[in-house]
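File shown: model_8.cif. Contents: mmCIF, C-alpha atoms.
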data_query
loop_
_atom_site.group_PDB
_atom_site.id
_atom_site.type_symbol
_atom_site.label_atom_id
_atom_site.label_comp_id
_atom_site.auth_asym_id
_atom_site.auth_seq_id
_atom_site.Cartn_x
_atom_site.Cartn_y
_atom_site.Cartn_z
ATOM 1 C CA MET A 1 109.241 187.059 133.069
ATOM 2 C CA LYS A 2 112.643 186.453 131.611
ATOM 3 C CA THR A 3 114.573 183.222 131.854
ATOM 4 C CA THR A 4 118.239 183.417 132.792
ATOM 5 C CA VAL A 5 120.374 181.108 130.689
ATOM 6 C CA LYS A 6 124.000 180.138 130.891
ATOM 7 C CA THR A 7 125.950 181.178 127.816
ATOM 8 C CA SER A 8 127.489 178.015 126.451
ATOM 9 C CA GLU A 9 127.391 176.205 123.152
ATOM 10 C CA LYS A 10 125.507 173.305 124.668
ATOM 11 C CA SER A 11 122.805 175.470 126.246
ATOM 12 C CA VAL A 12 122.403 177.654 123.155
ATOM 13 C CA LYS A 13 121.865 174.626 120.946
ATOM 14 C CA SER A 14 119.332 172.996 123.257
ATOM 15 C CA LEU A 15 117.374 176.194 123.822
ATOM 16 C CA ARG A 16 117.164 177.160 120.157
ATOM 17 C CA ASN A 17 116.052 173.619 119.410
ATOM 18 C CA ILE A 18 112.965 174.109 121.574
ATOM 19 C CA SER A 19 111.719 176.970 119.424
ATOM 20 C CA VAL A 20 111.824 175.190 116.065
ATOM 21 C CA ILE A 21 110.919 171.509 116.469
ATOM 22 C CA ALA A 22 108.652 170.582 113.552
ATOM 23 C CA GLY A 23 107.936 174.295 113.047
ATOM 24 C CA LEU A 24 105.248 174.148 115.773
ATOM 25 C CA VAL A 25 104.268 176.779 118.278
ATOM 26 C CA LEU A 26 105.773 175.997 121.678
ATOM 27 C CA ALA A 27 105.365 177.834 124.934
ATOM 28 C CA SER A 28 108.182 177.129 127.348
ATOM 29 C CA ALA A 29 109.934 178.831 130.197
ATOM 30 C CA PHE A 30 113.174 177.566 128.758
ATOM 31 C CA VAL A 31 113.014 179.465 125.456
ATOM 32 C CA PHE A 32 115.934 181.846 125.708
ATOM 33 C CA GLN A 33 114.596 184.986 124.063
ATOM 34 C CA ASN A 34 112.039 186.695 126.294
ATOM 35 C CA THR A 35 110.543 183.270 127.042
ATOM 36 C CA ALA A 36 108.485 183.791 123.905
ATOM 37 C CA TRP A 37 106.497 181.350 121.818
ATOM 38 C CA SER A 38 106.892 181.513 118.075
ATOM 39 C CA TRP A 39 106.666 179.756 114.751
ATOM 40 C CA GLY A 40 109.691 178.155 113.142
ATOM 41 C CA GLY A 41 110.533 177.871 109.491
ATOM 42 C CA ALA A 42 112.274 180.080 106.971
ATOM 43 C CA GLU A 43 110.160 182.325 104.800
ATOM 44 C CA PRO A 44 110.667 182.074 101.041
ATOM 45 C CA ALA A 45 112.869 184.591 99.276
ATOM 46 C CA VAL A 46 111.217 187.640 97.757
ATOM 47 C CA VAL A 47 112.377 188.637 94.296
ATOM 48 C CA ILE A 48 112.911 192.394 94.442
ATOM 49 C CA PRO A 49 114.465 195.004 92.132
ATOM 50 C CA ALA A 50 118.115 195.895 92.539
ATOM 51 C CA PRO A 51 118.871 199.263 94.139
ATOM 52 C CA ALA A 52 118.574 202.170 91.732
ATOM 53 C CA HIS A 53 121.227 204.056 93.670
ATOM 54 C CA ASP A 54 124.545 202.481 94.731
ATOM 55 C CA GLU A 55 127.940 203.575 95.969
ATOM 56 C CA PRO A 56 130.172 205.060 93.258
ATOM 57 C CA ALA A 57 132.836 202.786 91.842
ATOM 58 C CA GLY A 58 136.182 203.052 93.580
ATOM 59 C CA THR A 59 139.598 201.501 93.608
ATOM 60 C CA SER A 60 139.523 200.116 97.143
ATOM 61 C CA HIS A 61 139.457 196.341 97.462
ATOM 62 C CA SER A 62 138.153 196.242 101.010
ATOM 63 C CA GLU A 63 135.062 197.741 102.628
ATOM 64 C CA THR A 64 132.955 196.751 105.625
ATOM 65 C CA ALA A 65 129.220 196.692 106.256
ATOM 66 C CA VAL A 66 127.093 195.614 109.228
ATOM 67 C CA PHE A 67 123.674 193.995 108.880
ATOM 68 C CA ALA A 68 121.134 192.765 111.428
ATOM 69 C CA GLY A 69 118.213 190.565 110.485
ATOM 70 C CA GLY A 70 117.341 187.997 113.127
ATOM 71 C CA CYS A 71 119.623 185.258 114.381
ATOM 72 C CA PHE A 72 123.156 185.936 113.215
ATOM 73 C CA TRP A 73 123.744 182.272 112.388
ATOM 74 C CA GLY A 74 121.683 182.523 109.200
ATOM 75 C CA ILE A 75 122.812 186.002 108.159
ATOM 76 C CA GLN A 76 126.440 185.016 108.572
ATOM 77 C CA GLY A 77 125.859 181.821 106.624
ATOM 78 C CA VAL A 78 124.281 183.666 103.717
ATOM 79 C CA PHE A 79 127.067 186.214 103.355
ATOM 80 C CA GLN A 80 129.749 183.537 103.718
ATOM 81 C CA HIS A 81 128.389 182.103 100.464
ATOM 82 C CA VAL A 82 128.491 185.399 98.533
ATOM 83 C CA LYS A 83 131.240 186.031 95.988
ATOM 84 C CA GLY A 84 133.322 189.067 96.788
ATOM 85 C CA VAL A 85 132.835 188.698 100.539
ATOM 86 C CA THR A 86 136.156 188.110 102.274
ATOM 87 C CA SER A 87 134.851 187.812 105.836
ATOM 88 C CA ALA A 88 131.527 187.564 107.677
ATOM 89 C CA VAL A 89 131.670 187.694 111.471
ATOM 90 C CA SER A 90 128.747 187.258 113.864
ATOM 91 C CA GLY A 91 128.465 189.806 116.649
ATOM 92 C CA TYR A 92 126.527 192.619 118.248
ATOM 93 C CA ALA A 93 125.831 196.228 117.230
ATOM 94 C CA GLY A 94 123.682 199.018 118.541
ATOM 95 C CA GLY A 95 124.660 198.894 122.214
ATOM 96 C CA ASP A 96 127.632 199.430 124.485
ATOM 97 C CA ALA A 97 130.783 197.369 124.915
ATOM 98 C CA GLN A 98 129.955 196.263 128.444
ATOM 99 C CA THR A 99 126.722 194.567 127.329
ATOM 100 C CA ALA A 100 128.086 192.927 124.173
ATOM 101 C CA SER A 101 127.724 189.325 125.300
ATOM 102 C CA TYR A 102 125.249 186.677 124.221
ATOM 103 C CA GLU A 103 123.742 186.260 127.671
ATOM 104 C CA GLN A 104 123.068 189.985 128.078
ATOM 105 C CA VAL A 105 121.948 190.633 124.502
ATOM 106 C CA SER A 106 119.468 187.749 124.730
ATOM 107 C CA GLY A 107 117.598 189.689 127.403
ATOM 108 C CA GLY A 108 116.485 192.145 124.723
ATOM 109 C CA ASP A 109 117.192 195.338 126.651
ATOM 110 C CA THR A 110 120.815 196.178 125.779
ATOM 111 C CA GLY A 111 120.131 198.054 122.551
ATOM 112 C CA HIS A 112 122.211 195.507 120.675
ATOM 113 C CA ALA A 113 121.037 193.533 117.681
ATOM 114 C CA GLU A 114 122.529 190.213 116.651
ATOM 115 C CA SER A 115 124.526 191.418 113.668
ATOM 116 C CA VAL A 116 127.054 190.375 111.061
ATOM 117 C CA LYS A 117 130.058 192.415 110.013
ATOM 118 C CA VAL A 118 130.735 191.786 106.336
ATOM 119 C CA THR A 119 134.075 192.626 104.755
ATOM 120 C CA PHE A 120 133.889 192.686 100.975
ATOM 121 C CA ASP A 121 135.740 193.675 97.829
ATOM 122 C CA PRO A 122 133.706 196.491 96.230
ATOM 123 C CA THR A 123 135.334 195.811 92.868
ATOM 124 C CA GLN A 124 133.599 192.408 92.924
ATOM 125 C CA ILE A 125 130.335 193.195 94.713
ATOM 126 C CA THR A 126 128.890 196.527 95.781
ATOM 127 C CA TYR A 127 127.251 197.628 98.998
ATOM 128 C CA GLY A 128 123.966 197.960 97.135
ATOM 129 C CA GLU A 129 124.231 194.401 95.876
ATOM 130 C CA LEU A 130 124.812 193.182 99.430
ATOM 131 C CA LEU A 131 121.668 195.039 100.493
ATOM 132 C CA HIS A 132 119.812 193.395 97.598
ATOM 133 C CA ILE A 133 120.753 189.952 98.954
ATOM 134 C CA PHE A 134 120.091 190.967 102.557
ATOM 135 C CA PHE A 135 116.542 192.127 101.828
ATOM 136 C CA SER A 136 115.685 189.358 99.376
ATOM 137 C CA VAL A 137 117.003 186.127 100.903
ATOM 138 C CA GLY A 138 118.695 187.109 104.172
ATOM 139 C CA HIS A 139 115.597 187.956 106.176
ATOM 140 C CA ASN A 140 112.102 189.430 106.097
ATOM 141 C CA PRO A 141 112.472 193.211 106.470
ATOM 142 C CA THR A 142 108.767 193.710 107.235
ATOM 143 C CA GLU A 143 108.819 191.898 110.590
ATOM 144 C CA LEU A 144 109.147 194.209 113.583
ATOM 145 C CA ASN A 145 111.465 192.996 116.345
ATOM 146 C CA ARG A 146 111.202 189.400 115.303
ATOM 147 C CA GLN A 147 112.488 187.023 112.678
ATOM 148 C CA GLY A 148 111.184 183.512 112.215
ATOM 149 C CA PRO A 149 111.021 181.818 115.625
ATOM 150 C CA ASP A 150 112.933 184.576 117.424
ATOM 151 C CA THR A 151 111.374 187.630 119.055
ATOM 152 C CA GLY A 152 112.803 190.730 120.695
ATOM 153 C CA SER A 153 114.571 193.930 119.687
ATOM 154 C CA GLN A 154 117.836 191.983 119.420
ATOM 155 C CA TYR A 155 116.339 190.383 116.297
ATOM 156 C CA ARG A 156 115.299 193.634 114.629
ATOM 157 C CA SER A 157 115.932 194.418 110.996
ATOM 158 C CA ALA A 158 118.676 197.042 110.828
ATOM 159 C CA VAL A 159 121.656 198.247 108.868
ATOM 160 C CA PHE A 160 124.587 200.057 110.462
ATOM 161 C CA PRO A 161 126.264 202.209 107.787
ATOM 162 C CA MET A 162 130.005 202.663 108.043
ATOM 163 C CA ASN A 163 129.927 206.005 106.238
ATOM 164 C CA ALA A 164 127.620 208.605 104.742
ATOM 165 C CA ALA A 165 127.609 206.932 101.325
ATOM 166 C CA GLN A 166 126.347 203.634 102.776
ATOM 167 C CA ALA A 167 123.674 205.457 104.764
ATOM 168 C CA GLU A 168 122.478 207.239 101.632
ATOM 169 C CA VAL A 169 122.305 203.996 99.648
ATOM 170 C CA ALA A 170 120.461 202.135 102.418
ATOM 171 C CA LYS A 171 117.866 204.863 102.960
ATOM 172 C CA ALA A 172 117.279 205.263 99.228
ATOM 173 C CA TYR A 173 116.853 201.515 98.737
ATOM 174 C CA ILE A 174 114.365 201.182 101.598
ATOM 175 C CA ALA A 175 112.353 204.059 100.104
ATOM 176 C CA GLN A 176 112.560 202.444 96.656
ATOM 177 C CA LEU A 177 111.295 199.081 97.906
ATOM 178 C CA ASN A 178 108.443 200.702 99.800
ATOM 179 C CA ALA A 179 107.457 202.793 96.774
ATOM 180 C CA SER A 180 107.515 199.754 94.488
ATOM 181 C CA LYS A 181 105.456 197.739 97.006
ATOM 182 C CA SER A 182 107.836 194.823 96.577
ATOM 183 C CA TYR A 183 106.445 193.500 99.856
ATOM 184 C CA SER A 184 102.850 193.352 101.019
ATOM 185 C CA ASP A 185 103.809 195.362 104.113
ATOM 186 C CA PRO A 186 106.158 198.331 104.608
ATOM 187 C CA LEU A 187 109.775 197.682 105.539
ATOM 188 C CA VAL A 188 110.588 198.249 109.204
ATOM 189 C CA THR A 189 114.352 198.190 108.704
ATOM 190 C CA LYS A 190 116.170 200.831 110.715
ATOM 191 C CA VAL A 191 119.238 202.678 109.461
ATOM 192 C CA GLU A 192 121.113 203.116 112.723
ATOM 193 C CA SER A 193 124.055 205.364 113.491
ATOM 194 C CA ASN A 194 125.714 203.366 116.298
ATOM 195 C CA ALA A 195 127.835 201.207 114.012
ATOM 196 C CA HIS A 196 130.383 199.993 116.553
ATOM 197 C CA PHE A 197 130.581 196.224 116.176
ATOM 198 C CA TYR A 198 131.566 193.670 118.808
ATOM 199 C CA PRO A 199 132.387 190.100 117.671
ATOM 200 C CA ALA A 200 130.312 187.348 119.244
ATOM 201 C CA GLU A 201 131.673 184.442 121.210
ATOM 202 C CA ALA A 202 133.759 181.893 119.304
ATOM 203 C CA TYR A 203 131.115 179.164 119.404
ATOM 204 C CA HIS A 204 128.725 181.347 117.363
ATOM 205 C CA GLN A 205 131.170 181.758 114.471
ATOM 206 C CA ASN A 206 130.604 179.504 111.428
ATOM 207 C CA PHE A 207 127.632 177.964 113.250
ATOM 208 C CA LEU A 208 125.651 177.183 110.111
ATOM 209 C CA ASN A 209 128.644 175.628 108.380
ATOM 210 C CA ASP A 210 129.673 173.576 111.419
ATOM 211 C CA ASN A 211 126.175 172.403 112.374
ATOM 212 C CA PRO A 212 124.251 171.679 109.148
ATOM 213 C CA ASP A 213 122.146 168.970 110.829
ATOM 214 C CA TYR A 214 121.160 171.058 113.833
ATOM 215 C CA PRO A 215 117.333 171.434 113.751
ATOM 216 C CA TYR A 216 117.288 175.243 114.034
ATOM 217 C CA ILE A 217 119.701 175.516 111.105
ATOM 218 C CA VAL A 218 117.821 172.952 109.009
ATOM 219 C CA VAL A 219 114.457 174.633 109.501
ATOM 220 C CA ASN A 220 115.365 178.333 109.486
ATOM 221 C CA ASP A 221 118.697 178.873 107.766
ATOM 222 C CA LEU A 222 119.605 176.254 105.166
ATOM 223 C CA PRO A 223 116.627 177.326 103.012
ATOM 224 C CA LYS A 224 118.235 180.785 102.831
ATOM 225 C CA ILE A 225 121.385 179.283 101.323
ATOM 226 C CA LYS A 226 119.299 177.456 98.734
ATOM 227 C CA ASP A 227 117.424 180.669 97.942
ATOM 228 C CA LEU A 228 120.711 182.527 97.542
ATOM 229 C CA GLU A 229 121.871 180.001 94.972
ATOM 230 C CA LYS A 230 118.533 180.121 93.159
ATOM 231 C CA VAL A 231 117.834 183.860 93.175
ATOM 232 C CA PHE A 232 121.427 185.122 92.918
ATOM 233 C CA PRO A 233 123.298 182.419 90.969
ATOM 234 C CA ALA A 234 125.964 184.845 89.735
ATOM 235 C CA ASP A 235 126.773 185.875 93.317
ATOM 236 C CA TYR A 236 126.637 182.450 94.922
ATOM 237 C CA ARG A 237 129.699 180.433 95.778
ATOM 238 C CA GLN A 238 129.486 176.901 97.069
ATOM 239 C CA GLN A 239 132.560 177.051 99.304
ATOM 240 C CA PRO A 240 131.937 179.526 102.142
ATOM 241 C CA VAL A 241 134.536 181.918 103.485
ATOM 242 C CA LEU A 242 134.878 180.996 107.163
ATOM 243 C CA VAL A 243 136.002 182.799 110.277
ATOM 244 C CA LYS A 244 139.401 181.434 111.221
ATOM 245 C CA PRO A 245 139.975 180.272 114.814
#
Target encoding structure tokens, full file:
Amino acid sequence: MKTTVKTSEKSVKSLRNISVIAGLVLASAFVFQNTAWSWGGAEPAVVIPAPAHDEPAGTSHSETAVFAGGCFWGIQGVFQHVKGVTSAVSGYAGGDAQTASYEQVSGGDTGHAESVKVTFDPTQITYGELLHIFFSVGHNPTELNRQGPDTGSQYRSAVFPMNAAQAEVAKAYIAQLNASKSYSDPLVTKVESNAHFYPAEAYHQNFLNDNPDYPYIVVNDLPKIKDLEKVFPADYRQQPVLVKP
């Protein structure tokens, strides 16, 4: 049985808070994703090899990529702290325009995944390097249709290539990580072709930056920022690049 929730900043905060208090398992009809019970708490980063195959060097100073790996608050926050990233916007990918809203996506049956569209300067950081960060500190790519305290296909691990070169790099890297057994379980990350991206509602943008004391952020997402600084010190920047109003 699904719970219908009103899409508002106040309701989103209160409902996410239920799922993470003290990292305990809670069963509640008010949990917004599939009324599921789950464990809170960020998993530690996994140190993995860099991709052996990357996009060829070019002269362009702007490229986009779309990543999905659980709640977009944390994924956006991570990429906002990466050097060479000029924009990171929370949104939805994988479904149709008419269902690209938080209330509908939270039902888990729209085909959408909570995603982040990353605009970056490939002369400063490559697509492969972004994948390296995404798989290492951004999320756990071995969890199927869940991430931390959140469950449902809208929290799946996925990449949405913008072109054939990105698709080739992503598929090769997933195969490389599986072959190297960098994780104890195989990656479940999907390389999906429906790359059309729809920005999320304004109150979701910069959520980690604007709400550092919010329990969900403290438990699940701030550890990812610390891991980014620790594991990728050369790519970390303290001042995030934020979505402008």
Explicit residue set for the PyMOL selection byres ((chain A and resi 138) around 7), as a list of chain:residue names: A:Ile75, A:Val78, A:Ile133, A:Phe134, A:Phe135, A:Ser136, A:Val137, A:His139, A:Lys224
Leaving out Val82 (chain A) and any residue of its chain fewer than 3 positions from it, which residues lie within 7 Å of it when counting all atoms listed in the file, given as a list of chain:residue names?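 Neighbouring residues, sequence-local ones excluded: A:Val78, A:Phe79, A:Val85, A:Asp235, A:Tyr236, A:Arg237.
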Region 145-234 of chain A near region 46-54 of chain A within 10 Å: what's each residue's closest atom pair and its distance in Å to one decimal, counting all atoms listed in the file, ordered by chain then ascending residue number, as a Markdown table?
| residue | atom | partner | partner_atom | distance |
| --- | --- | --- | --- | --- |
| A:Ala165 | CA | A:Asp54 | CA | 8.5 |
| A:Gln166 | CA | A:Asp54 | CA | 8.3 |
| A:Glu168 | CA | A:Asp54 | CA | 8.6 |
| A:Val169 | CA | A:Asp54 | CA | 5.6 |
| A:Ala170 | CA | A:Asp54 | CA | 8.7 |
| A:Lys171 | CA | A:His53 | CA | 9.9 |
| A:Ala172 | CA | A:His53 | CA | 6.9 |
| A:Tyr173 | CA | A:Pro51 | CA | 5.5 |
| A:Ile174 | CA | A:Pro51 | CA | 8.9 |
| A:Gln176 | CA | A:Pro51 | CA | 7.5 |
| A:Leu177 | CA | A:Ile48 | CA | 7.7 |
| A:Ser180 | CA | A:Pro49 | CA | 8.7 |
| A:Lys181 | CA | A:Ile48 | CA | 9.5 |
| A:Ser182 | CA | A:Ile48 | CA | 6.0 |
| A:Tyr183 | CA | A:Val46 | CA | 7.8 |
| A:Asp227 | CA | A:Val46 | CA | 9.3 |
| A:Val231 | CA | A:Val47 | CA | 7.3 |
| A:Phe232 | CA | A:Val47 | CA | 9.8 |
For the provided coordinates, the residues matched by the PyMOL selection byres ((chain A and resi 74) around 10) should be stated as number ranges by chain. A: 42, 69-73, 75-80, 90, 116, 138-139, 206-209, 216-217, 220-225
Straight-line distance linking CA of Lys117 (chain A) with CA of Pro245 (chain A), stated in Å to one decimal: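 Calculated distance between CA of Lys117 (chain A) and CA of Pro245 (chain A) is 16.4 Å.
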Taking into account all atoms listed in the file, which residue in the set A:Val89, A:Pro44, A:Gly95, A:Tyr214 is nearest to Asp109 (chain A)?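 Selected residue with least distance to Asp109 (chain A): A:Gly95.
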Choose the residue, out of A:Asp121, A:Glu43, A:Asp185, A:Glu201, that has the smallest atom-to-atom separation from Gly84 (chain A); count only C-alpha atoms.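 Using only C-alpha atoms, the shortest distance to Gly84 (chain A) belongs to A:Asp121.
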Which residue gives the smallest distance to Ala167 (chain A) among A:Ala234, A:Ala88, A:Ser106, A:Glu55, with all atoms listed in the file counted? A:Glu55
Find the residues around Glu63 (chain A) up to 7 Å (all atoms listed in the file counted), leave out those fewer than 6 positions away in its own chain, and share them as a PyMOL selection string. chain A and resi 119-122
Got a sec: who's within 12 Å of Ala158 (chain A), counting all atoms listed in the file, leaving out chain neighbours fewer than 6 positions off, as a count of residues only? 41
Could you check which of A:Thr99, A:Gln154, A:Ser62, A:Gln205 is closest to Val243 (chain A), using only C-alpha atoms?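 Distance minimum relative to Val243 (chain A) lands on A:Gln205.
Minimum atom-to-atom distances from A:His132, A:Gln239, A:Tyr203, A:Gly108 to Arg156 (chain A) were compared using only C-alpha atoms, and the lowest value belongs to A:Gly108.
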Using the incomplete input, complete region 224-235 of chain A to the level of all heavy atoms; output as an mmCIF file, keeping the file's coordinate frame.
data_model
loop_
_atom_site.group_PDB
_atom_site.id
_atom_site.type_symbol
_atom_site.label_atom_id
_atom_site.label_comp_id
_atom_site.auth_asym_id
_atom_site.auth_seq_id
_atom_site.Cartn_x
_atom_site.Cartn_y
_atom_site.Cartn_z
ATOM 1 N N LYS A 224 117.711 179.504 103.307
ATOM 2 C CA LYS A 224 118.235 180.785 102.831
ATOM 3 C C LYS A 224 119.419 180.570 101.892
ATOM 4 O O LYS A 224 119.584 181.313 100.917
ATOM 5 C CB LYS A 224 118.668 181.652 104.010
ATOM 6 C CG LYS A 224 117.546 182.037 104.959
ATOM 7 C CD LYS A 224 118.078 182.867 106.112
ATOM 8 C CE LYS A 224 116.978 183.234 107.096
ATOM 9 N NZ LYS A 224 117.482 184.048 108.229
ATOM 10 N N ILE A 225 120.237 179.574 102.195
ATOM 11 C CA ILE A 225 121.385 179.283 101.323
ATOM 12 C C ILE A 225 120.897 178.783 99.968
ATOM 13 O O ILE A 225 121.427 179.166 98.914
ATOM 14 C CB ILE A 225 122.320 178.253 101.982
ATOM 15 C CG1 ILE A 225 122.707 178.690 103.401
ATOM 16 C CG2 ILE A 225 123.567 178.059 101.131
ATOM 17 C CD1 ILE A 225 123.364 180.035 103.488
ATOM 18 N N LYS A 226 119.864 177.946 99.988
ATOM 19 C CA LYS A 226 119.299 177.456 98.734
ATOM 20 C C LYS A 226 118.685 178.597 97.935
ATOM 21 O O LYS A 226 118.815 178.655 96.706
ATOM 22 C CB LYS A 226 118.258 176.376 99.021
ATOM 23 C CG LYS A 226 118.846 175.101 99.626
ATOM 24 C CD LYS A 226 117.766 174.073 99.897
ATOM 25 C CE LYS A 226 118.354 172.806 100.520
ATOM 26 N NZ LYS A 226 117.297 171.808 100.825
ATOM 27 N N ASP A 227 118.010 179.519 98.631
ATOM 28 C CA ASP A 227 117.424 180.669 97.942
ATOM 29 C C ASP A 227 118.503 181.566 97.344
ATOM 30 O O ASP A 227 118.319 182.120 96.257
ATOM 31 C CB ASP A 227 116.569 181.478 98.914
ATOM 32 C CG ASP A 227 115.228 180.819 99.222
ATOM 33 O OD1 ASP A 227 114.812 179.946 98.435
ATOM 34 O OD2 ASP A 227 114.614 181.171 100.250
ATOM 35 N N LEU A 228 119.600 181.727 98.064
ATOM 36 C CA LEU A 228 120.711 182.527 97.542
ATOM 37 C C LEU A 228 121.201 181.954 96.223
ATOM 38 O O LEU A 228 121.398 182.692 95.243
ATOM 39 C CB LEU A 228 121.855 182.572 98.552
ATOM 40 C CG LEU A 228 123.145 183.262 98.098
ATOM 41 C CD1 LEU A 228 122.918 184.749 97.880
ATOM 42 C CD2 LEU A 228 124.254 183.037 99.128
ATOM 43 N N GLU A 229 121.397 180.655 96.193
ATOM 44 C CA GLU A 229 121.871 180.001 94.972
ATOM 45 C C GLU A 229 120.855 180.142 93.841
ATOM 46 O O GLU A 229 121.228 180.337 92.674
ATOM 47 C CB GLU A 229 122.155 178.528 95.254
ATOM 48 C CG GLU A 229 122.712 177.781 94.052
ATOM 49 C CD GLU A 229 123.020 176.324 94.361
ATOM 50 O OE1 GLU A 229 122.607 175.838 95.435
ATOM 51 O OE2 GLU A 229 123.686 175.674 93.524
ATOM 52 N N LYS A 230 119.580 180.067 94.180
ATOM 53 C CA LYS A 230 118.533 180.121 93.159
ATOM 54 C C LYS A 230 118.294 181.535 92.645
ATOM 55 O O LYS A 230 118.194 181.758 91.428
ATOM 56 C CB LYS A 230 117.235 179.557 93.739
ATOM 57 C CG LYS A 230 116.052 179.584 92.782
ATOM 58 C CD LYS A 230 114.804 179.014 93.445
ATOM 59 C CE LYS A 230 113.609 179.065 92.501
ATOM 60 N NZ LYS A 230 112.378 178.511 93.145
ATOM 61 N N VAL A 231 118.199 182.504 93.558
ATOM 62 C CA VAL A 231 117.834 183.860 93.175
ATOM 63 C C VAL A 231 119.035 184.674 92.700
ATOM 64 O O VAL A 231 118.906 185.538 91.834
ATOM 65 C CB VAL A 231 117.134 184.572 94.350
ATOM 66 C CG1 VAL A 231 116.745 186.005 93.980
ATOM 67 C CG2 VAL A 231 115.894 183.792 94.787
ATOM 68 N N PHE A 232 120.214 184.372 93.270
ATOM 69 C CA PHE A 232 121.427 185.122 92.918
ATOM 70 C C PHE A 232 122.539 184.158 92.462
ATOM 71 O O PHE A 232 123.605 184.099 93.076
ATOM 72 C CB PHE A 232 121.916 185.935 94.122
ATOM 73 C CG PHE A 232 120.951 186.982 94.591
ATOM 74 C CD1 PHE A 232 120.030 186.699 95.593
ATOM 75 C CD2 PHE A 232 120.961 188.259 94.035
ATOM 76 C CE1 PHE A 232 119.142 187.669 96.034
ATOM 77 C CE2 PHE A 232 120.070 189.233 94.468
ATOM 78 C CZ PHE A 232 119.152 188.934 95.468
ATOM 79 N N PRO A 233 122.304 183.422 91.391
ATOM 80 C CA PRO A 233 123.298 182.419 90.969
ATOM 81 C C PRO A 233 124.661 183.015 90.631
ATOM 82 O O PRO A 233 125.689 182.369 90.858
ATOM 83 C CB PRO A 233 122.644 181.769 89.743
ATOM 84 C CG PRO A 233 121.666 182.788 89.242
ATOM 85 C CD PRO A 233 121.141 183.465 90.480
ATOM 86 N N ALA A 234 124.686 184.231 90.111
ATOM 87 C CA ALA A 234 125.964 184.845 89.735
ATOM 88 C C ALA A 234 126.765 185.266 90.966
ATOM 89 O O ALA A 234 127.990 185.436 90.879
ATOM 90 C CB ALA A 234 125.721 186.049 88.837
ATOM 91 N N ASP A 235 126.097 185.437 92.090
ATOM 92 C CA ASP A 235 126.773 185.875 93.317
ATOM 93 C C ASP A 235 127.049 184.740 94.291
ATOM 94 O O ASP A 235 127.748 184.935 95.288
ATOM 95 C CB ASP A 235 125.921 186.932 94.039
ATOM 96 C CG ASP A 235 125.749 188.198 93.231
ATOM 97 O OD1 ASP A 235 126.761 188.712 92.719
ATOM 98 O OD2 ASP A 235 124.609 188.676 93.093
#
